[in-house]
There are 2 protein chains.
Amino acid sequence: MAGISPDDRLRVTYRLFCGEGENPQDKATDIAYEQTVELPAECVGDAITERVVGRVESVESGAGRGGTAVISFSPEWIGNDAAQLANLLFGNISLKKGIVVTGIEWPQTVIETFGGPSHGIAGVRALTAAAVNRPLLCAALKPVGLTADELGELCYRFAAGGIDLIKDDHGLTDQPSAPFDERVRCCAEAVARANDATGGCTLYFPNVTGPATSLDRRLEVAGKAGCKGVMVSPLLAGLDSLQHISRETGLAVLAHPALAGAFFGENHGILPEVLLGDVFRVLGADGVIYPNVGGRFPFDDRTCQAINERLRGDLGNIRPALPAPGGGIDVKIVPHWLSQYGPDTILLIGASLYRQGDLTQATRRLVDTVKRCAG
Amino acid sequence: MAGISPDDRLRVTYRLFCGEGENPQDKATDIAYEQTVELPAECVGDAITERVVGRVESVESGAGRGGTAVISFSPEWIGNDAAQLANLLFGNISLKKGIVVTGIEWPQTVIETFGGPSHGIAGVRALTAAAVNRPLLCAALKPVGLTADELGELCYRFAAGGIDLIKDDHGLTDQPSAPFDERVRCCAEAVARANDATGGCTLYFPNVTGPATSLDRRLEVAGKAGCKGVMVSPLLAGLDSLQHISRETGLAVLAHPALAGAFFGENHGILPEVLLGDVFRVLGADGVIYPNVGGRFPFDDRTCQAINERLRGDLGNIRPALPAPGGGIDVKIVPHWLSQYGPDTILLIGASLYRQGDLTQATRRLVDTVKRCAG
């Protein structure tokens, strides 16, 4: 299930894998108590049971000892707290076994509270001035260990080649080799210089992932350097970082999936399309990076398409977000991904550009290919 | 492997489960690049390879297609950033398959930077004035949905019974039923009243998990209300919350494992003793809650003992931390856990006290039992 909940309760669908002595009905009831009151039924009065305990809306038995359950929760216990949303979805039950969150229907109040992307697909596209008939192209700035000047030089070359977006590698934080402030200044200046020279509109999104206490300062530095957006890894920096950036700044935000794979267990976890699609979007991601099928990560085609659908599909009045498949996209088969994923996509190209040596030439060829295919 | 690294590099041991066409040596090399430069070897110059890329220190083949590898990383890329530590350990490789972090040897510089617990076992014990020959007893304040006054009343009863610690349920955040400030004030006042009446020394640790932007204010409210410590769920609030509380306040900090179970996959993840033991301790947890064997979670005896060892064992000059097993400890078998886990433990008792109705009587019986067994 996905979309908006019919009754303003958070409706979560769980696929259940029952162990010896378990059955889907009891396992669902256990989840409903564990995720709310954390007490056995006999210790909870009627009023709290009615207001707080999750309601098992349906349970269906499946193959073997498995099943599917829908449990609904009052949004009152989430409030405006991304941490508490994650806790309600999978906090304590993460420590159990055989439970996969496969779908969420969102209460209107939760949707409105978190608010989703502040720019969305159209907003990010407008920042880049890319035509609506083609995907955006994003290069990754790497590796960690280069100086701020060296990273700035790479930025210049990508921008001179006409790339739409340049994002920091997610491992670039505030290391002595390229401290955050210096890196952002060098890279933003280099991109501005290249844009001046070419009349282009390349954007640079620095990685702001780091200690929560440094987030506001880094966002300010990025904004003052002229950046229109940033990248953050929500599972490293705290899930509320997405919400904070999208609600408190004018910056677009690209979410990186570092650490997210811990949740993608086959028999226990949260489906990638729910975490990277639904949750990241609702919390405010304008774009979400994920490991594309056929690259160096094991995502399959179904998962990639499902993430795309969750990011772009109707979800009350919140904006659609851009899928950003990456992790081994080869420039040679970019036309394939164009037809596969359509224009409302960010194609993230890393090593495949670096391998070609002359970054500006390599970028220009890629941009030309994409424009030609789209045209 | 555990303890201090011999050469000031972060040495991580990985258990590898190889899929079709994989072998342990190549999988280890892939991790070394993926977690640092995120580029193929041919795109990385010698200087960066030497300084940045992880070094595969050893690879041993195991049963089937599996194996064990040790990879070392320069601490330069971590700095004082808890998010970057998590990223280096498991960020991108979380999105791959068949990799389990089974051990860490810590560089002295990383140990010194993060600093570990600010109170440690002796410090927390001193706050409670409990004798050194017995474990500390901790009650959980629940359920969500009660008013601040009602939660305060529960606090009074636990404190009147002589419990050492009362912690908020980790689902109590800042809900309208009991807003944070009001809850902390009511609960801290109730505990102080009970302490005045009994001459006891019960502590109340409020849950400060929530948006990062609210953390400092919540810590200030807790401190002003007289709390000597707090609880936080690092994986909900951001890993650096532990470090922030332990380094920037005088408060003790109890870490809750919500969401941590996502990492405990059998063939992919981080071993519980590494995440809850090593990492939480190094980042500053004075005590770490985990789901005890035999309760309502599937941890086994080996895992519980391993967590205890990692929390209490020698680790350079950082303080030992208190294991806090919970999640279904029955008061009836508390003597068993006393002999099993020894005095440097927090026994966390929830439902088993609530089930008895009269909380003060139930608590007093529990405290008496523990004092008698220890005596």
# chains A, B, ... in the order shown; residues from 1 in each chain; ligands from 1
>>> closest_atom_pairs(of="chain B", to="chain A", cutoff="6 Å", atoms="only C-alpha atoms", output="tab-separated table")
residue	atom	partner	partner_atom	distance
B:Val37	CA	A:Pro143	CA	4.7
B:Leu39	CA	A:Ala351	CA	5.8
B:Ala83	CA	A:Leu236	CA	4.8
B:Gly91	CA	A:Leu259	CA	4.3
B:Asn92	CA	A:Ala258	CA	5.1
B:Ser94	CA	A:Gly261	CA	4.3
B:Leu95	CA	A:Gly261	CA	4.1
B:Lys96	CA	A:Phe297	CA	5.5
B:Pro143	CA	A:Val37	CA	4.7
B:Val144	CA	A:Val37	CA	5.8
B:Gly210	CA	A:Ala83	CA	5.7
B:Pro211	CA	A:Asp240	CA	5.8
B:Leu236	CA	A:Ala83	CA	4.9
B:Ala237	CA	A:Gly238	CA	5.6
B:Gly238	CA	A:Gly238	CA	4.1
B:Asp240	CA	A:Pro211	CA	5.8
B:Ala258	CA	A:Gly91	CA	4.4
B:Leu259	CA	A:Gly91	CA	4.3
B:Gly261	CA	A:Leu95	CA	4.1
B:Ala262	CA	A:Phe263	CA	5.2
B:Phe263	CA	A:Ala262	CA	5.2
B:Phe297	CA	A:Lys96	CA	5.5
B:Ala351	CA	A:Leu39	CA	5.8
>>> select_by_dssp(residues="region 75-307 of chain B", states="strand (DSSP E or B)", output="ChimeraX atom specification")
/B:99-106,136-141,144,146,165-168,203-205,207,229-232,252-255,264,269-270,287-291
>>> atom_distance(atom1="CA of Glu22 (chain A)", atom2="CA of Ser72 (chain A)")
21.2 Å
>>> atom_distance(atom1="CA of Gly103 (chain A)", atom2="CA of Arg9 (chain A)")
13.6 Å
>>> closest_residue(among="A:Val331, A:Ile307, A:Ala178, A:Leu154", to="Ala190 (chain A)", atoms="only C-alpha atoms")
A:Leu154
>>> residues_around(residues="region 316-318 of chain B", least_positions_apart="4", cutoff="9 Å", atoms="only C-alpha atoms", output="PDB file with N, CA and C atoms, in the first residue's frame")
ATOM      1  N   GLY B   3      39.819  -3.864  20.931  1.00  0.00           N
ATOM      2  CA  GLY B   3      40.875  -3.181  21.662  1.00  0.00           C
ATOM      3  C   GLY B   3      41.530  -2.092  20.846  1.00  0.00           C
ATOM      4  N   ILE B   4      42.778  -1.789  21.217  1.00  0.00           N
ATOM      5  CA  ILE B   4      43.491  -0.683  20.592  1.00  0.00           C
ATOM      6  C   ILE B   4      44.350  -1.190  19.439  1.00  0.00           C
ATOM      7  N   TRP B 106      40.793  -0.017  17.591  1.00  0.00           N
ATOM      8  CA  TRP B 106      40.656   1.437  17.538  1.00  0.00           C
ATOM      9  C   TRP B 106      41.999   2.145  17.566  1.00  0.00           C
ATOM     10  N   GLN B 108      44.444   5.000  18.655  1.00  0.00           N
ATOM     11  CA  GLN B 108      44.504   5.834  19.849  1.00  0.00           C
ATOM     12  C   GLN B 108      43.915   7.221  19.574  1.00  0.00           C
ATOM     13  N   ILE B 111      40.103   7.090  19.669  1.00  0.00           N
ATOM     14  CA  ILE B 111      39.694   6.921  21.071  1.00  0.00           C
ATOM     15  C   ILE B 111      39.764   8.257  21.807  1.00  0.00           C
ATOM     16  N   GLU B 112      40.867   8.963  21.600  1.00  0.00           N
ATOM     17  CA  GLU B 112      41.038  10.242  22.304  1.00  0.00           C
ATOM     18  C   GLU B 112      40.077  11.305  21.777  1.00  0.00           C
ATOM     19  N   GLY B 115      36.531  10.025  22.993  1.00  0.00           N
ATOM     20  CA  GLY B 115      36.669  10.159  24.455  1.00  0.00           C
ATOM     21  C   GLY B 115      35.883   9.203  25.320  1.00  0.00           C
ATOM     22  N   GLY B 116      34.903   8.480  24.732  1.00  0.00           N
ATOM     23  CA  GLY B 116      34.173   7.500  25.527  1.00  0.00           C
ATOM     24  C   GLY B 116      33.279   8.119  26.594  1.00  0.00           C
ATOM     25  N   PRO B 117      32.848   7.277  27.550  1.00  0.00           N
ATOM     26  CA  PRO B 117      31.910   7.725  28.586  1.00  0.00           C
ATOM     27  C   PRO B 117      32.514   8.842  29.452  1.00  0.00           C
ATOM     28  N   SER B 118      31.707   9.827  29.795  1.00  0.00           N
ATOM     29  CA  SER B 118      32.206  10.887  30.681  1.00  0.00           C
ATOM     30  C   SER B 118      32.064  10.483  32.146  1.00  0.00           C
ATOM     31  N   GLY B 120      31.120   6.757  33.102  1.00  0.00           N
ATOM     32  CA  GLY B 120      31.529   5.357  33.178  1.00  0.00           C
ATOM     33  C   GLY B 120      30.826   4.632  34.317  1.00  0.00           C
ATOM     34  N   ARG B 281      30.010   2.843  23.077  1.00  0.00           N
ATOM     35  CA  ARG B 281      30.911   3.209  24.184  1.00  0.00           C
ATOM     36  C   ARG B 281      31.926   4.262  23.757  1.00  0.00           C
ATOM     37  N   VAL B 282      32.562   4.026  22.635  1.00  0.00           N
ATOM     38  CA  VAL B 282      33.582   4.980  22.173  1.00  0.00           C
ATOM     39  C   VAL B 282      32.972   6.365  21.962  1.00  0.00           C
TER      40      VAL B 282
END
>>> atom_distance(atom1="CA of Asn133 (chain B)", atom2="CA of Gly162 (chain B)")
16.6 Å
>>> select_by_dssp(residues="region 297-330 of chain A", states="helix (DSSP H, G or I)", output="PyMOL selection string")
chain A and resi 301-312
>>> write_last_selection(atoms="N, CA and C atoms", output="compact mmCIF listing (two decimals), in the first residue's frame")
# COMPACT_ATOMS: atom_id res chain seq x y z
N ASP A 301 15.83 -4.53 -10.96
CA ASP A 301 15.03 -3.60 -11.75
C ASP A 301 13.73 -3.24 -11.06
N ARG A 302 13.07 -4.24 -10.45
CA ARG A 302 11.80 -3.97 -9.78
C ARG A 302 11.97 -2.92 -8.69
N THR A 303 13.04 -3.05 -7.91
CA THR A 303 13.28 -2.12 -6.81
C THR A 303 13.52 -0.71 -7.33
N CYS A 304 14.33 -0.60 -8.37
CA CYS A 304 14.63 0.73 -8.93
C CYS A 304 13.35 1.39 -9.44
N GLN A 305 12.53 0.63 -10.16
CA GLN A 305 11.27 1.19 -10.68
C GLN A 305 10.33 1.55 -9.54
N ALA A 306 10.34 0.73 -8.50
CA ALA A 306 9.44 1.02 -7.36
C ALA A 306 9.88 2.29 -6.64
N ILE A 307 11.18 2.49 -6.50
CA ILE A 307 11.67 3.74 -5.88
C ILE A 307 11.23 4.93 -6.73
N ASN A 308 11.45 4.82 -8.04
CA ASN A 308 11.04 5.91 -8.94
C ASN A 308 9.56 6.25 -8.77
N GLU A 309 8.74 5.20 -8.71
CA GLU A 309 7.29 5.43 -8.57
C GLU A 309 6.95 6.13 -7.27
N ARG A 310 7.58 5.70 -6.18
CA ARG A 310 7.29 6.33 -4.88
C ARG A 310 7.75 7.78 -4.83
N LEU A 311 8.84 8.07 -5.53
CA LEU A 311 9.35 9.44 -5.49
C LEU A 311 8.52 10.38 -6.36
N ARG A 312 8.02 9.85 -7.48
CA ARG A 312 7.35 10.72 -8.45
C ARG A 312 5.84 10.71 -8.34
>>> residues_around(residues="Lys224 (chain B)", least_positions_apart="2", cutoff="12 Å", atoms="only C-alpha atoms", output="PyMOL selection string")
chain B and resi 181+184-185+188-189+217-222+226-229+249-251
>>> closest_residue(among="B:Pro6, B:Gly45, B:Val288, B:Ala69", to="Gln25 (chain B)", atoms="only C-alpha atoms")
B:Ala69
>>> decode(residues="region 323-342 of chain B", atoms="N, CA, C and O atoms", output="mmCIF file, in the first residue's frame")
data_model
loop_
_atom_site.group_PDB
_atom_site.id
_atom_site.type_symbol
_atom_site.label_atom_id
_atom_site.label_comp_id
_atom_site.auth_asym_id
_atom_site.auth_seq_id
_atom_site.Cartn_x
_atom_site.Cartn_y
_atom_site.Cartn_z
ATOM 1 N N PRO B 323 26.536 -2.279 30.891
ATOM 2 C CA PRO B 323 25.517 -2.973 30.110
ATOM 3 C C PRO B 323 24.168 -2.829 30.818
ATOM 4 O O PRO B 323 24.103 -2.920 32.044
ATOM 5 N N ALA B 324 23.111 -2.616 30.060
ATOM 6 C CA ALA B 324 21.770 -2.499 30.636
ATOM 7 C C ALA B 324 20.817 -3.442 29.914
ATOM 8 O O ALA B 324 20.011 -3.027 29.086
ATOM 9 N N PRO B 325 20.909 -4.755 30.216
ATOM 10 C CA PRO B 325 19.989 -5.708 29.596
ATOM 11 C C PRO B 325 18.549 -5.447 30.043
ATOM 12 O O PRO B 325 18.306 -5.124 31.204
ATOM 13 N N GLY B 326 17.621 -5.566 29.113
ATOM 14 C CA GLY B 326 16.205 -5.351 29.424
ATOM 15 C C GLY B 326 15.339 -6.079 28.416
ATOM 16 O O GLY B 326 15.769 -7.060 27.824
ATOM 17 N N GLY B 327 14.123 -5.608 28.236
ATOM 18 C CA GLY B 327 13.254 -6.203 27.226
ATOM 19 C C GLY B 327 12.660 -7.524 27.660
ATOM 20 O O GLY B 327 12.657 -8.496 26.897
ATOM 21 N N GLY B 328 12.158 -7.574 28.881
ATOM 22 C CA GLY B 328 11.481 -8.784 29.335
ATOM 23 C C GLY B 328 12.176 -9.478 30.498
ATOM 24 O O GLY B 328 12.070 -10.702 30.629
ATOM 25 N N ILE B 329 12.886 -8.707 31.332
ATOM 26 C CA ILE B 329 13.488 -9.326 32.523
ATOM 27 C C ILE B 329 12.405 -9.476 33.592
ATOM 28 O O ILE B 329 11.739 -8.522 33.966
ATOM 29 N N ASP B 330 12.238 -10.699 34.062
ATOM 30 C CA ASP B 330 11.222 -10.992 35.066
ATOM 31 C C ASP B 330 11.844 -10.848 36.455
ATOM 32 O O ASP B 330 12.915 -11.395 36.716
ATOM 33 N N VAL B 331 11.158 -10.116 37.354
ATOM 34 C CA VAL B 331 11.717 -9.947 38.706
ATOM 35 C C VAL B 331 11.987 -11.288 39.370
ATOM 36 O O VAL B 331 12.914 -11.412 40.165
ATOM 37 N N LYS B 332 11.204 -12.298 39.007
ATOM 38 C CA LYS B 332 11.367 -13.602 39.668
ATOM 39 C C LYS B 332 12.743 -14.212 39.423
ATOM 40 O O LYS B 332 13.249 -14.962 40.249
ATOM 41 N N ILE B 333 13.325 -13.916 38.263
ATOM 42 C CA ILE B 333 14.627 -14.548 38.005
ATOM 43 C C ILE B 333 15.774 -13.535 38.040
ATOM 44 O O ILE B 333 16.862 -13.780 37.509
ATOM 45 N N VAL B 334 15.533 -12.413 38.707
ATOM 46 C CA VAL B 334 16.606 -11.436 38.854
ATOM 47 C C VAL B 334 17.859 -12.034 39.509
ATOM 48 O O VAL B 334 18.980 -11.760 39.066
ATOM 49 N N PRO B 335 17.706 -12.900 40.528
ATOM 50 C CA PRO B 335 18.926 -13.500 41.108
ATOM 51 C C PRO B 335 19.781 -14.236 40.073
ATOM 52 O O PRO B 335 21.005 -14.201 40.121
ATOM 53 N N HIS B 336 19.122 -14.865 39.103
ATOM 54 C CA HIS B 336 19.862 -15.529 38.031
ATOM 55 C C HIS B 336 20.713 -14.521 37.258
ATOM 56 O O HIS B 336 21.893 -14.771 36.986
ATOM 57 N N TRP B 337 20.133 -13.377 36.908
ATOM 58 C CA TRP B 337 20.874 -12.391 36.123
ATOM 59 C C TRP B 337 21.985 -11.743 36.947
ATOM 60 O O TRP B 337 23.027 -11.358 36.401
ATOM 61 N N LEU B 338 21.762 -11.641 38.235
ATOM 62 C CA LEU B 338 22.814 -11.131 39.126
ATOM 63 C C LEU B 338 24.069 -11.985 39.021
ATOM 64 O O LEU B 338 25.177 -11.480 38.847
ATOM 65 N N SER B 339 23.865 -13.302 39.136
ATOM 66 C CA SER B 339 25.045 -14.176 39.118
ATOM 67 C C SER B 339 25.599 -14.268 37.699
ATOM 68 O O SER B 339 26.794 -14.420 37.487
ATOM 69 N N GLN B 340 24.719 -14.161 36.722
ATOM 70 C CA GLN B 340 25.144 -14.268 35.332
ATOM 71 C C GLN B 340 25.975 -13.052 34.905
ATOM 72 O O GLN B 340 27.001 -13.195 34.246
ATOM 73 N N TYR B 341 25.537 -11.868 35.274
ATOM 74 C CA TYR B 341 26.124 -10.647 34.729
ATOM 75 C C TYR B 341 26.998 -9.884 35.717
ATOM 76 O O TYR B 341 27.735 -8.977 35.311
ATOM 77 N N GLY B 342 26.905 -10.190 36.978
ATOM 78 C CA GLY B 342 27.748 -9.503 37.963
ATOM 79 C C GLY B 342 27.264 -8.103 38.286
ATOM 80 O O GLY B 342 26.283 -7.610 37.705
#
